[in-house]
file target_34.txt (compact mmCIF, C-alpha atoms)
# COMPACT_ATOMS: atom_id res chain seq x y z
CA MET A 6 -135.79 -47.02 88.96
CA ASP A 7 -135.79 -44.33 91.64
CA GLU A 8 -138.65 -41.92 92.18
CA GLN A 9 -136.74 -38.82 91.14
CA ALA A 10 -135.81 -40.32 87.78
CA LEU A 11 -139.41 -41.39 87.21
CA ILE A 12 -140.62 -37.87 88.00
CA GLN A 13 -138.10 -36.36 85.60
CA ASP A 14 -139.14 -38.77 82.85
CA ALA A 15 -142.80 -38.01 83.51
CA GLN A 16 -142.04 -34.30 83.28
CA GLN A 17 -140.68 -34.95 79.80
CA GLY A 18 -144.00 -36.54 78.83
CA ASN A 19 -143.13 -40.17 79.51
CA LEU A 20 -146.51 -41.66 80.43
CA ASP A 21 -145.06 -45.05 81.34
CA ALA A 22 -142.88 -43.43 83.99
CA PHE A 23 -145.89 -41.61 85.40
CA ASN A 24 -147.92 -44.81 85.41
CA THR A 25 -145.20 -46.43 87.52
CA LEU A 26 -145.63 -43.58 90.01
CA ILE A 27 -149.39 -44.13 89.93
CA LEU A 28 -148.95 -47.80 90.83
CA THR A 29 -146.77 -46.76 93.77
CA TYR A 30 -149.19 -44.21 95.19
CA GLN A 31 -152.65 -45.26 94.06
CA ASN A 32 -153.57 -46.97 97.33
CA SER A 33 -152.55 -43.95 99.42
CA VAL A 34 -154.36 -41.59 97.07
CA PHE A 35 -157.52 -43.69 97.05
CA ASN A 36 -157.39 -44.18 100.82
CA THR A 37 -157.12 -40.41 101.36
CA ALA A 38 -159.97 -39.75 98.95
CA VAL A 39 -162.23 -42.34 100.53
CA ARG A 40 -161.63 -40.92 104.02
CA ILE A 41 -162.32 -37.37 102.88
CA LEU A 42 -165.33 -38.20 100.72
CA GLY A 43 -166.68 -41.18 102.62
CA ASP A 44 -167.76 -42.90 99.44
CA ASP A 45 -165.87 -45.49 97.39
CA GLU A 46 -167.16 -44.63 93.94
CA ARG A 47 -166.63 -40.91 94.33
CA ALA A 48 -163.23 -41.57 95.85
CA ALA A 49 -162.28 -43.66 92.80
CA ASP A 50 -163.46 -40.90 90.47
CA ALA A 51 -161.59 -38.26 92.46
CA SER A 52 -158.43 -40.41 92.46
CA GLN A 53 -158.60 -40.85 88.70
CA ASP A 54 -159.17 -37.11 88.23
CA ALA A 55 -156.28 -36.39 90.59
CA PHE A 56 -153.84 -38.58 88.66
CA LEU A 57 -154.95 -37.08 85.36
CA SER A 58 -154.54 -33.58 86.72
CA ALA A 59 -151.18 -34.52 88.26
CA PHE A 60 -149.89 -35.74 84.89
CA LYS A 61 -151.05 -32.58 83.14
CA HIS A 62 -149.44 -30.34 85.75
CA ILE A 63 -146.42 -32.45 86.61
CA ASN A 64 -144.10 -29.69 85.42
CA SER A 65 -145.35 -27.54 88.30
CA PHE A 66 -143.71 -29.99 90.73
CA ARG A 67 -140.51 -28.25 91.78
CA GLY A 68 -139.13 -30.81 94.18
CA GLY A 69 -139.81 -31.65 97.80
CA SER A 70 -142.13 -34.44 98.81
CA PHE A 71 -143.83 -35.93 95.76
CA LYS A 72 -146.35 -37.68 98.01
CA ALA A 73 -147.33 -34.34 99.55
CA TRP A 74 -147.69 -32.78 96.08
CA LEU A 75 -149.84 -35.73 94.98
CA MET A 76 -151.95 -35.44 98.14
CA ARG A 77 -152.56 -31.78 97.38
CA THR A 78 -153.84 -32.80 93.95
CA VAL A 79 -156.15 -35.46 95.38
CA THR A 80 -157.35 -33.06 98.08
CA ASN A 81 -158.28 -30.53 95.39
CA ALA A 82 -160.05 -33.27 93.43
CA CYS A 83 -161.98 -34.22 96.59
CA TYR A 84 -162.99 -30.58 97.17
CA ASP A 85 -164.24 -30.42 93.57
CA GLU A 86 -166.17 -33.63 94.14
CA LEU A 87 -167.70 -32.27 97.37
CA ARG A 88 -168.76 -29.10 95.53
CA ARG A 89 -170.37 -31.24 92.83
CA GLN A 90 -171.99 -33.36 95.55
CA LYS A 91 -173.63 -30.26 96.99
CA ARG A 92 -175.26 -29.55 93.64
CA ARG A 93 -176.46 -33.14 93.17
CA PRO A 94 -178.62 -35.41 95.32
CA THR A 95 -176.43 -37.51 97.61
CA THR A 96 -176.27 -41.29 97.66
CA PRO A 97 -175.71 -43.31 100.83
CA LEU A 98 -172.30 -44.67 101.82
CA GLU A 99 -173.72 -48.16 102.05
CA PRO A 100 -175.02 -50.06 99.08
CA ASP A 101 -178.73 -50.79 98.97
CA THR A 102 -180.27 -54.21 99.50
CA ASP A 103 -182.61 -55.69 96.94
CA ASP A 104 -185.48 -54.07 98.83
CA GLY A 105 -183.82 -50.67 98.54
CA ASP A 106 -182.82 -50.50 102.24
CA GLU A 107 -179.35 -49.46 103.33
CA ILE A 108 -177.05 -52.23 104.56
CA GLU A 109 -176.33 -51.22 108.14
CA SER A 110 -173.08 -53.14 108.52
CA PRO A 111 -171.44 -53.20 105.15
CA ARG A 112 -170.43 -56.74 104.29
CA TRP A 113 -168.96 -55.39 101.06
CA LEU A 114 -165.94 -54.15 103.00
CA ALA A 115 -165.29 -57.61 104.42
CA ASP A 116 -161.75 -58.77 105.10
CA PRO A 117 -161.67 -62.57 104.57
CA SER A 118 -158.91 -63.01 107.20
CA MET A 119 -161.31 -62.06 110.04
CA SER A 120 -164.02 -64.10 111.68
CA PRO A 121 -167.58 -62.91 111.02
CA SER A 122 -167.95 -61.43 114.50
CA GLN A 123 -164.57 -59.68 114.31
CA GLN A 124 -165.41 -58.44 110.86
CA MET A 125 -168.71 -57.08 112.06
CA GLU A 126 -167.08 -55.25 114.95
CA ALA A 127 -164.35 -53.86 112.71
CA ASP A 128 -166.89 -52.78 110.14
CA GLU A 129 -168.97 -51.06 112.77
CA LEU A 130 -165.96 -49.32 114.29
CA GLU A 131 -164.72 -48.21 110.89
CA HIS A 132 -168.19 -47.06 110.04
CA ALA A 133 -168.34 -45.10 113.29
CA ILE A 134 -164.98 -43.45 112.71
CA GLN A 135 -165.92 -42.59 109.12
CA HIS A 136 -169.19 -41.15 110.41
CA CYS A 137 -167.25 -38.91 112.81
CA LEU A 138 -164.80 -37.92 110.07
CA ASN A 139 -167.70 -36.98 107.81
CA ALA A 140 -169.08 -34.79 110.57
CA LEU A 141 -165.91 -32.66 110.60
CA PRO A 142 -165.59 -29.50 108.52
CA THR A 143 -163.80 -30.34 105.26
CA ASP A 144 -160.59 -28.44 106.09
CA PHE A 145 -160.27 -30.18 109.47
CA ARG A 146 -161.09 -33.56 107.94
CA THR A 147 -158.39 -33.14 105.30
CA VAL A 148 -155.75 -32.29 107.88
CA VAL A 149 -156.63 -35.16 110.20
CA VAL A 150 -156.79 -37.65 107.33
CA LEU A 151 -153.38 -36.58 106.02
CA ALA A 152 -151.73 -36.46 109.45
CA ASP A 153 -153.35 -39.32 111.34
CA VAL A 154 -154.68 -41.69 108.67
CA GLN A 155 -151.85 -41.23 106.16
CA GLY A 156 -149.21 -40.62 108.83
CA MET A 157 -147.69 -37.59 107.09
CA ASP A 158 -145.61 -35.15 109.11
CA TYR A 159 -146.71 -31.57 109.72
CA SER A 160 -144.57 -30.03 106.97
CA GLU A 161 -145.92 -32.49 104.39
CA VAL A 162 -149.48 -31.82 105.53
CA ALA A 163 -148.82 -28.07 105.28
CA GLN A 164 -147.50 -28.57 101.74
CA ALA A 165 -150.46 -30.74 100.77
CA ALA A 166 -153.11 -28.51 102.35
CA ARG A 167 -151.32 -25.28 101.30
CA VAL A 168 -151.69 -23.71 104.73
CA PRO A 169 -149.05 -22.55 107.24
CA LEU A 170 -147.65 -24.95 109.81
CA GLY A 171 -149.35 -23.09 112.68
CA THR A 172 -152.74 -23.55 111.01
CA ILE A 173 -152.04 -27.27 110.66
CA LYS A 174 -151.34 -27.55 114.40
CA SER A 175 -154.49 -25.66 115.27
CA ARG A 176 -156.73 -27.56 112.83
CA LEU A 177 -155.34 -30.92 113.88
CA ALA A 178 -155.97 -30.16 117.56
CA ARG A 179 -159.52 -29.03 116.85
CA ALA A 180 -160.17 -32.04 114.61
CA ARG A 181 -158.91 -34.50 117.24
CA LEU A 182 -161.00 -32.77 119.87
CA LYS A 183 -164.15 -32.96 117.77
CA LEU A 184 -163.43 -36.59 116.88
CA ARG A 185 -162.99 -37.42 120.53
CA GLU A 186 -166.39 -35.90 121.30
CA CYS A 187 -168.01 -37.72 118.42
CA LEU A 188 -166.46 -41.11 119.23
CA ARG A 189 -167.81 -40.92 122.79
CA SER A 190 -171.22 -41.76 121.38
CA PHE A 191 -169.76 -45.00 119.98
CA GLU A 192 -168.05 -45.97 123.24
CA GLU A 193 -169.37 -49.55 123.14
CA LEU A 194 -167.72 -50.12 119.76
CA LEU A 195 -164.30 -48.98 120.89
CA PRO A 196 -161.75 -51.61 121.93
CA GLU A 197 -161.02 -51.76 125.67
CA SER A 198 -157.64 -50.10 125.34
CA PHE A 199 -159.05 -47.21 123.31
CA ARG A 200 -161.89 -46.21 125.61
CA LEU A 201 -161.92 -42.46 126.00
CA ASP A 202 -161.67 -41.41 129.63
CA GLY A 203 -161.38 -37.69 129.28
CA ASP A 204 -161.98 -34.88 131.72
CA GLU A 205 -165.66 -34.65 130.92
CA LYS A 206 -166.38 -38.16 132.10
CA MET B 3 -158.52 -26.29 136.45
CA LYS B 4 -160.35 -26.09 133.10
CA ASN B 5 -158.23 -26.78 130.04
CA THR B 6 -158.20 -24.13 127.37
CA PHE B 7 -158.00 -24.74 123.63
CA ARG B 8 -154.40 -23.53 123.80
CA ASP B 9 -153.70 -26.45 126.15
CA ILE B 10 -155.37 -28.89 123.74
CA GLU B 11 -153.30 -27.47 120.89
CA LEU B 12 -150.12 -27.89 122.94
CA LEU B 13 -151.05 -31.45 123.88
CA SER B 14 -151.81 -32.32 120.26
CA ALA B 15 -148.48 -30.92 119.10
CA TYR B 16 -146.72 -32.65 122.03
CA LEU B 17 -148.26 -35.92 120.90
CA ASP B 18 -146.66 -35.48 117.48
CA ASP B 19 -143.29 -34.31 118.87
CA GLN B 20 -143.82 -30.88 117.39
CA LEU B 21 -142.87 -28.88 120.51
CA ASP B 22 -139.35 -27.72 121.18
CA SER B 23 -137.57 -29.14 124.21
CA SER B 24 -138.34 -26.25 126.58
CA ASP B 25 -142.09 -26.25 125.76
CA SER B 26 -142.15 -30.04 126.07
CA ALA B 27 -140.50 -29.93 129.51
CA ARG B 28 -142.90 -27.23 130.72
CA LEU B 29 -145.92 -29.20 129.48
CA GLU B 30 -144.69 -32.45 131.00
CA SER B 31 -144.36 -30.82 134.40
CA ARG B 32 -147.91 -29.43 134.04
CA ILE B 33 -149.24 -32.88 133.05
CA GLN B 34 -147.69 -34.40 136.14
CA SER B 35 -149.26 -31.82 138.38
CA ASP B 36 -152.64 -31.72 136.57
CA PRO B 37 -154.27 -35.17 136.13
CA GLU B 38 -157.03 -33.63 133.99
CA LEU B 39 -154.45 -32.56 131.46
CA GLY B 40 -153.01 -36.08 131.51
CA ALA B 41 -156.47 -37.54 130.83
CA VAL B 42 -156.98 -35.23 127.84
CA LEU B 43 -153.59 -36.24 126.51
CA GLN B 44 -154.61 -39.89 126.85
CA ASP B 45 -157.89 -39.22 124.99
CA LEU B 46 -156.11 -37.44 122.16
CA SER B 47 -153.59 -40.25 121.98
CA ASN B 48 -156.38 -42.85 121.81
CA THR B 49 -158.20 -40.89 119.14
CA ARG B 50 -155.05 -40.68 117.04
CA ALA B 51 -154.39 -44.39 117.56
CA LEU B 52 -157.92 -45.23 116.42
CA LEU B 53 -157.44 -43.22 113.24
CA ARG B 54 -154.08 -44.86 112.60
CA LYS B 55 -155.66 -48.28 113.07
CA LEU B 56 -158.23 -47.60 110.37
CA PRO B 57 -157.78 -50.31 107.74
CA SER B 58 -156.00 -49.05 104.67
CA ARG B 59 -158.33 -49.26 101.72
CA ARG B 60 -156.96 -50.74 98.54
CA ALA B 61 -157.69 -49.03 95.27
CA PRO B 62 -160.63 -50.81 93.60
CA ARG B 63 -158.86 -50.65 90.24
CA ASN B 64 -155.65 -49.45 88.65
CA PHE B 65 -155.70 -45.74 87.94
CA ILE B 66 -153.00 -45.88 85.27
CA LEU B 67 -153.59 -43.45 82.45
CA THR B 68 -153.95 -44.43 78.82
CA ARG B 69 -152.49 -42.20 76.13
CA LYS B 70 -156.00 -41.26 75.11
CA MET B 71 -156.92 -40.25 78.67
CA ALA B 72 -153.72 -38.24 78.97
CA GLY B 73 -154.54 -36.50 75.68
CA LEU B 74 -151.28 -37.57 74.06
CA LYS B 75 -151.34 -37.52 70.27
CA SER B 76 -149.48 -39.93 68.06
CA PRO B 77 -146.50 -38.55 66.15
CA LEU B 78 -147.40 -37.69 62.56
CA PRO B 79 -146.29 -40.21 59.92
CA ARG B 80 -143.43 -38.88 57.79
CA SER B 81 -145.46 -38.92 54.60
CA TYR B 82 -148.47 -37.22 56.18
CA PRO B 83 -147.47 -33.57 55.59
CA THR B 84 -146.60 -34.28 51.93
CA PHE B 85 -149.93 -35.89 51.17
CA ARG B 86 -151.82 -33.28 53.09
CA PHE B 87 -150.06 -30.48 51.23
CA ALA B 88 -150.68 -32.21 47.89
CA SER B 89 -154.38 -32.55 48.67
CA VAL B 90 -154.78 -28.93 49.72
CA PHE B 91 -152.72 -27.60 46.82
CA ALA B 92 -154.65 -29.67 44.27
CA THR B 93 -157.93 -28.42 45.74
CA PHE B 94 -156.81 -24.80 45.43
CA LEU B 95 -155.68 -25.39 41.86
CA LEU B 96 -159.00 -27.01 41.07
CA ILE B 97 -160.91 -24.01 42.39
CA PHE B 98 -158.62 -21.74 40.37
CA THR B 99 -159.21 -23.69 37.14
CA TYR B 100 -162.98 -23.58 37.61
CA ALA B 101 -162.83 -19.85 38.29
CA THR B 102 -160.65 -19.32 35.21
CA ASN B 103 -162.86 -21.40 32.95
CA PHE B 104 -165.90 -19.48 34.15
CA THR B 105 -164.58 -15.93 33.94
CA VAL B 106 -162.32 -15.98 30.85
CA PRO B 107 -165.09 -16.87 28.29
CA LEU B 108 -167.31 -14.15 29.79
CA VAL B 109 -164.62 -11.50 29.37
CA MET B 110 -163.78 -12.69 25.88
CA SER B 111 -167.40 -12.60 24.68
CA ARG B 112 -167.88 -9.03 25.94
CA THR B 113 -164.88 -7.78 24.02
CA THR B 114 -165.55 -9.63 20.74
CA VAL B 115 -169.35 -9.47 20.21
CA VAL B 116 -170.34 -6.24 18.35
CA PRO B 117 -174.01 -5.67 17.58
CA VAL B 118 -174.54 -4.98 13.86
CA TYR B 119 -177.29 -2.46 13.03
CA GLY B 120 -178.15 -0.93 9.62
CA SER B 121 -175.55 -2.58 7.61
CA GLY B 122 -177.78 -2.49 4.53
CA GLY B 123 -178.87 0.88 2.99
CA GLY B 124 -181.97 2.05 1.10
CA CYS B 125 -184.51 0.09 2.97
CA ASP B 126 -188.01 0.97 4.15
CA SER B 127 -187.06 0.90 7.68
CA CYS B 128 -184.55 3.67 7.25
CA ASP B 129 -187.26 6.21 7.84
CA THR B 130 -188.44 4.54 10.95
CA SER B 131 -184.97 4.06 12.29
CA SER B 132 -184.13 7.68 11.64
CA ALA B 133 -187.42 8.57 13.23
CA ALA B 134 -186.45 6.51 16.20
CA GLU B 135 -183.14 8.25 16.34
CA SER B 136 -184.84 11.60 16.09
CA ALA B 137 -187.24 10.52 18.78
CA LEU B 138 -184.36 9.71 21.01
CA ALA B 139 -182.52 12.89 20.15
CA PRO B 140 -184.94 15.32 21.75
CA GLU B 141 -185.05 13.11 24.76
CA ALA B 142 -181.33 13.41 24.99
CA ALA B 143 -181.63 17.14 24.40
CA ALA B 144 -184.20 17.36 27.13
CA THR B 145 -181.93 15.70 29.54
CA GLU B 146 -179.01 17.80 28.46
CA ALA B 147 -180.85 21.10 28.78
CA PRO B 148 -183.63 20.69 31.24
CA SER B 149 -183.74 24.41 31.96
CA LEU B 150 -185.26 25.14 28.56
CA MET B 151 -188.01 22.62 29.08
CA GLN B 152 -188.68 23.78 32.56
CA ALA B 153 -189.06 27.33 31.33
CA ASP B 154 -192.19 26.30 29.37
CA SER B 155 -193.87 24.23 32.04
CA ALA B 156 -193.01 22.31 35.12
CA PRO B 157 -194.60 18.91 34.12
CA ALA B 158 -192.30 18.86 31.09
CA THR B 159 -189.66 17.32 33.27
CA GLU B 160 -191.92 14.39 34.02
CA ALA B 161 -192.35 13.32 30.39
CA PRO B 162 -190.00 15.27 28.22
CA SER B 163 -189.70 12.66 25.50
CA MET B 164 -193.44 12.41 24.97
CA GLU B 165 -193.85 16.11 24.75
CA SER B 166 -190.91 16.70 22.53
CA SER B 167 -191.83 13.91 20.18
CA SER B 168 -195.38 15.18 19.89
CA LYS B 169 -194.03 18.60 19.12
CA LEU B 170 -191.94 17.12 16.41
CA GLY B 171 -194.97 15.30 15.01
CA ILE B 172 -193.68 11.82 15.71
CA GLN B 173 -195.99 9.38 17.38
CA PRO B 174 -194.30 7.37 20.10
CA THR B 175 -196.35 4.36 19.09
CA GLU B 176 -194.29 4.12 15.95
CA ILE B 177 -191.24 3.24 17.91
CA SER B 178 -192.51 0.24 19.75
CA PRO B 179 -193.49 -1.84 16.70
CA LEU B 180 -190.11 -1.11 15.28
CA ASN B 181 -188.38 -2.36 18.38
CA ASN B 182 -190.48 -5.48 18.41
CA SER B 183 -189.84 -6.21 14.73
CA GLN B 184 -186.09 -5.79 14.91
CA PRO B 185 -185.03 -9.21 16.15
CA ALA B 186 -187.31 -11.06 13.74
CA GLY B 187 -186.36 -9.16 10.57
CA GLY B 188 -183.17 -10.74 9.30
CA ASP B 189 -183.97 -9.28 5.95
CA ASP B 190 -184.27 -5.85 7.46
CA GLY B 191 -180.52 -5.52 7.75
CA PHE B 192 -180.22 -6.55 11.41
CA VAL B 193 -177.75 -9.34 11.99
CA PRO B 194 -178.05 -10.84 15.48
CA PRO B 195 -174.72 -11.36 17.21
CA VAL B 196 -173.41 -14.84 16.87
CA GLU B 197 -172.29 -16.03 20.30
CA GLU B 198 -169.83 -18.78 19.82
CA PRO B 199 -168.81 -20.31 23.14
CA ALA B 200 -165.19 -19.44 23.76
CA PRO B 201 -163.09 -22.51 24.44
CA ALA B 202 -162.24 -23.10 28.15
CA PRO B 203 -158.63 -22.12 28.69
CA ILE B 204 -157.98 -25.07 31.00
CA PRO B 205 -158.99 -28.44 29.61
CA ASP B 206 -161.33 -30.73 31.51
CA THR B 207 -158.71 -33.47 31.69
CA TRP B 208 -156.55 -31.23 33.88
CA GLN B 209 -159.45 -30.64 36.23
CA LEU B 210 -160.17 -34.34 36.35
CA GLY B 211 -156.52 -35.00 37.16
CA LEU B 212 -156.59 -32.40 39.95
CA ILE B 213 -159.74 -33.94 41.44
CA ILE B 214 -158.08 -37.36 41.46
CA ILE B 215 -154.90 -35.98 43.05
CA ALA B 216 -156.87 -34.08 45.73
CA ILE B 217 -159.01 -37.07 46.69
CA LEU B 218 -156.24 -39.66 46.54
CA SER B 219 -153.66 -37.70 48.51
CA GLY B 220 -156.28 -36.63 51.08
CA THR B 221 -157.38 -40.23 51.55
CA ILE B 222 -153.81 -41.50 51.87
CA ALA B 223 -153.02 -38.78 54.44
CA TRP B 224 -156.14 -39.65 56.46
CA ILE B 225 -155.47 -43.40 56.36
CA SER B 226 -151.83 -42.98 57.40
CA ARG B 227 -152.95 -40.79 60.32
CA VAL B 228 -155.60 -43.26 61.48
CA VAL B 229 -153.16 -46.19 61.28
CA ALA B 230 -150.54 -44.23 63.25
CA ASP B 231 -153.14 -43.28 65.90
CA ARG B 232 -154.25 -46.89 66.32
CA LYS B 233 -150.69 -48.14 66.67
CA PHE B 234 -149.94 -45.37 69.19
CA ASN B 235 -153.02 -46.05 71.32
CA LYS B 236 -152.30 -49.80 71.38
CA GLN B 237 -148.90 -49.20 72.94

call {"tool": "encode", "arguments": {"input": "target_34.txt", "output": "structure tokens"}}
result
Amino acid sequence: MDEQALIQDAQQGNLDAFNTLILTYQNSVFNTAVRILGDDERAADASQDAFLSAFKHINSFRGGSFKAWLMRTVTNACYDELRRQKRRPTTPLEPDTDDGDEIESPRWLADPSMSPSQQMEADELEHAIQHCLNALPTDFRTVVVLADVQGMDYSEVAQAARVPLGTIKSRLARARLKLRECLRSFEELLPESFRLDGDEK
Amino acid sequence: MKNTFRDIELLSAYLDDQLDSSDSARLESRIQSDPELGAVLQDLSNTRALLRKLPSRRAPRNFILTRKMAGLKSPLPRSYPTFRFASVFATFLLIFTYATNFTVPLVMSRTTVVPVYGSGGGCDSCDTSSAAESALAPEAAATEAPSLMQADSAPATEAPSMESSSKLGIQPTEISPLNNSQPAGGDDGFVPPVEEPAPAPIPDTWQLGLIIIAILSGTIAWISRVVADRKFNKQ
């Protein structure tokens, strides 16, 4: 069944059709949420809230990119979660050990296809990138996650972030610049081909 | 030459093929002549590549929505409105029957019960009853024409009956024993009103029937709704 038909059925209250759409997009939605929030549990909650909100407001979808519309919903859910986070004490990204210490290199993200040393390096690099993403202002982080992590084009990002195309260009440039500065401090973690050799070096 | 933020913005857009052909050509010629600009472009490209290489995280669980989560309600069973209406209607009727059975006997007793005084003549109490009537008469006169009483003295308004009765030579104490003796003296010609309970216009069996209908139809409506909800949520 094609996406347009599923959307139309969902707009008529067909929950099964909407659940099919959820299964198609849940990884993208969760991945976006986890990169914006930097926390798995909160990202899962935000994703669930986003899908619930999307079903309730599916009649407001007037065509265009459904993925972009869904990403706008998850972005809003993430902003709500970040506002809630400000009012509550924060919890660390990493799970605690039995002694209550943070796990520095999270084994819980392990990919079984990698060797332990590769996994450790990948974990550390991912951790470093996520650290730099978290350091960005929320608006910049959203744009860079949608454009560079999700690979959406500028018009889709503009639709998802509800800002003009010019603002997307500007925010993306600033975000990449700030990320470049941040990643310099993790130079030793970066693969050889990705070493940053900018003008300031 | 120091790169401005405008240059960074152009390089970022160039990286994503967001510049038109003329801007792209101009920037490319600048990159060739300015190695610093080329290095920044390489850095931005590497940064973007790093982000794109981030492992895609799989959802830890399915986020599919249940009907309960989506707030969808099961369609009402066909018989539900009938039973619900029957329950509500029977309840209203029941309240109406209780109200009728309570108010009708009250109204009936007020219209039928007539107090019977002095039905027998030539008794000893005739004097006292006439005295009581005469004692009441000046009181009534005093209330009817207070100006006459007030002309004599101002306190007369405070106790006109006492004063007028004393003027007439009737002791007020004679009235109270009479009043007290009236209910007890059946032989004195006073017949107390016989209050026979008026029959309830709506029989108890009807009320019982209405209670049964209200409870039964309400229960059936509730059960049918619960069963329909469970079936719907299992789907």

call {"tool": "residues_around", "arguments": {"input": "target_34.txt", "residues": "segment 159-176 of chain A", "least_positions_apart": "3", "cutoff": "9 Å", "atoms": "all atoms listed in the file", "output": "compact mmCIF listing (two decimals) with C-alpha atoms, in the coordinates of the input"}}
result
# COMPACT_ATOMS: atom_id res chain seq x y z
CA SER A 70 -142.13 -34.44 98.81
CA LYS A 72 -146.35 -37.68 98.01
CA ALA A 73 -147.33 -34.34 99.55
CA TRP A 74 -147.69 -32.78 96.08
CA LEU A 75 -149.84 -35.73 94.98
CA MET A 76 -151.95 -35.44 98.14
CA ARG A 77 -152.56 -31.78 97.38
CA THR A 78 -153.84 -32.80 93.95
CA THR A 80 -157.35 -33.06 98.08
CA ASN A 81 -158.28 -30.53 95.39
CA ASP A 144 -160.59 -28.44 106.09
CA PHE A 145 -160.27 -30.18 109.47
CA ARG A 146 -161.09 -33.56 107.94
CA THR A 147 -158.39 -33.14 105.30
CA VAL A 148 -155.75 -32.29 107.88
CA VAL A 149 -156.63 -35.16 110.20
CA LEU A 151 -153.38 -36.58 106.02
CA ALA A 152 -151.73 -36.46 109.45
CA ARG A 179 -159.52 -29.03 116.85
CA ALA A 180 -160.17 -32.04 114.61
CA ARG A 181 -158.91 -34.50 117.24
CA ARG B 8 -154.40 -23.53 123.80
CA GLU B 11 -153.30 -27.47 120.89
CA LEU B 12 -150.12 -27.89 122.94
CA SER B 14 -151.81 -32.32 120.26
CA ALA B 15 -148.48 -30.92 119.10
CA ASP B 18 -146.66 -35.48 117.48
CA GLN B 20 -143.82 -30.88 117.39

call {"tool": "interface_residues", "arguments": {"input": "target_34.txt", "of": "chain A", "to": "chain B", "cutoff": "8 Å", "atoms": "all atoms listed in the file", "output": "PyMOL selection string"}}
result
chain A and resi 20+24+27-28+31-32+35-36+49+52-53+56-57+60-61+131+134+153-156+174-175+177-179+181-182+184-185+199-204

call {"tool": "write_last_selection", "arguments": {"input": "target_34.txt", "atoms": "C-alpha atoms", "output": "PDB file, keeping the file's coordinate frame"}}
result
ATOM      1  CA  LEU A  20    -146.510 -41.660  80.430  1.00  0.00           C
ATOM      2  CA  ASN A  24    -147.920 -44.810  85.410  1.00  0.00           C
ATOM      3  CA  ILE A  27    -149.390 -44.130  89.930  1.00  0.00           C
ATOM      4  CA  LEU A  28    -148.950 -47.800  90.830  1.00  0.00           C
ATOM      5  CA  GLN A  31    -152.650 -45.260  94.060  1.00  0.00           C
ATOM      6  CA  ASN A  32    -153.570 -46.970  97.330  1.00  0.00           C
ATOM      7  CA  PHE A  35    -157.520 -43.690  97.050  1.00  0.00           C
ATOM      8  CA  ASN A  36    -157.390 -44.180 100.820  1.00  0.00           C
ATOM      9  CA  ALA A  49    -162.280 -43.660  92.800  1.00  0.00           C
ATOM     10  CA  SER A  52    -158.430 -40.410  92.460  1.00  0.00           C
ATOM     11  CA  GLN A  53    -158.600 -40.850  88.700  1.00  0.00           C
ATOM     12  CA  PHE A  56    -153.840 -38.580  88.660  1.00  0.00           C
ATOM     13  CA  LEU A  57    -154.950 -37.080  85.360  1.00  0.00           C
ATOM     14  CA  PHE A  60    -149.890 -35.740  84.890  1.00  0.00           C
ATOM     15  CA  LYS A  61    -151.050 -32.580  83.140  1.00  0.00           C
ATOM     16  CA  GLU A 131    -164.720 -48.210 110.890  1.00  0.00           C
ATOM     17  CA  ILE A 134    -164.980 -43.450 112.710  1.00  0.00           C
ATOM     18  CA  ASP A 153    -153.350 -39.320 111.340  1.00  0.00           C
ATOM     19  CA  VAL A 154    -154.680 -41.690 108.670  1.00  0.00           C
ATOM     20  CA  GLN A 155    -151.850 -41.230 106.160  1.00  0.00           C
ATOM     21  CA  GLY A 156    -149.210 -40.620 108.830  1.00  0.00           C
ATOM     22  CA  LYS A 174    -151.340 -27.550 114.400  1.00  0.00           C
ATOM     23  CA  SER A 175    -154.490 -25.660 115.270  1.00  0.00           C
ATOM     24  CA  LEU A 177    -155.340 -30.920 113.880  1.00  0.00           C
ATOM     25  CA  ALA A 178    -155.970 -30.160 117.560  1.00  0.00           C
ATOM     26  CA  ARG A 179    -159.520 -29.030 116.850  1.00  0.00           C
ATOM     27  CA  ARG A 181    -158.910 -34.500 117.240  1.00  0.00           C
ATOM     28  CA  LEU A 182    -161.000 -32.770 119.870  1.00  0.00           C
ATOM     29  CA  LEU A 184    -163.430 -36.590 116.880  1.00  0.00           C
ATOM     30  CA  ARG A 185    -162.990 -37.420 120.530  1.00  0.00           C
ATOM     31  CA  PHE A 199    -159.050 -47.210 123.310  1.00  0.00           C
ATOM     32  CA  ARG A 200    -161.890 -46.210 125.610  1.00  0.00           C
ATOM     33  CA  LEU A 201    -161.920 -42.460 126.000  1.00  0.00           C
ATOM     34  CA  ASP A 202    -161.670 -41.410 129.630  1.00  0.00           C
ATOM     35  CA  GLY A 203    -161.380 -37.690 129.280  1.00  0.00           C
ATOM     36  CA  ASP A 204    -161.980 -34.880 131.720  1.00  0.00           C
TER      37      ASP A 204
END

call {"tool": "atom_distance", "arguments": {"input": "target_34.txt", "atom1": "atom CA of Ala15 of chain A", "atom2": "atom CA of Arg40 of chain A"}}
result
28.0 Å

call {"tool": "residues_near_point", "arguments": {"input": "target_34.txt", "point": "(-164.6, -48.7, 114.7)", "cutoff": "10 Å", "atoms": "only C-alpha atoms", "output": "PyMOL selection string"}}
result
(chain A and resi 125-136+188+191-196) or (chain B and resi 52-53+55-57)

call {"tool": "atom_distance", "arguments": {"input": "target_34.txt", "atom1": "atom CA of Asp45 of chain A", "atom2": "atom CA of Ile63 of chain A"}}
result
25.8 Å

call {"tool": "atom_distance", "arguments": {"input": "target_34.txt", "atom1": "atom CA of Ala55 of chain A", "atom2": "atom CA of Cys137 of chain A"}}
result
24.9 Å

call {"tool": "closest_residue", "arguments": {"input": "target_34.txt", "among": "B:Pro107, B:Pro77, B:Pro201, B:Gly211", "to": "Leu95 of chain B", "atoms": "only C-alpha atoms"}}
result
B:Gly211
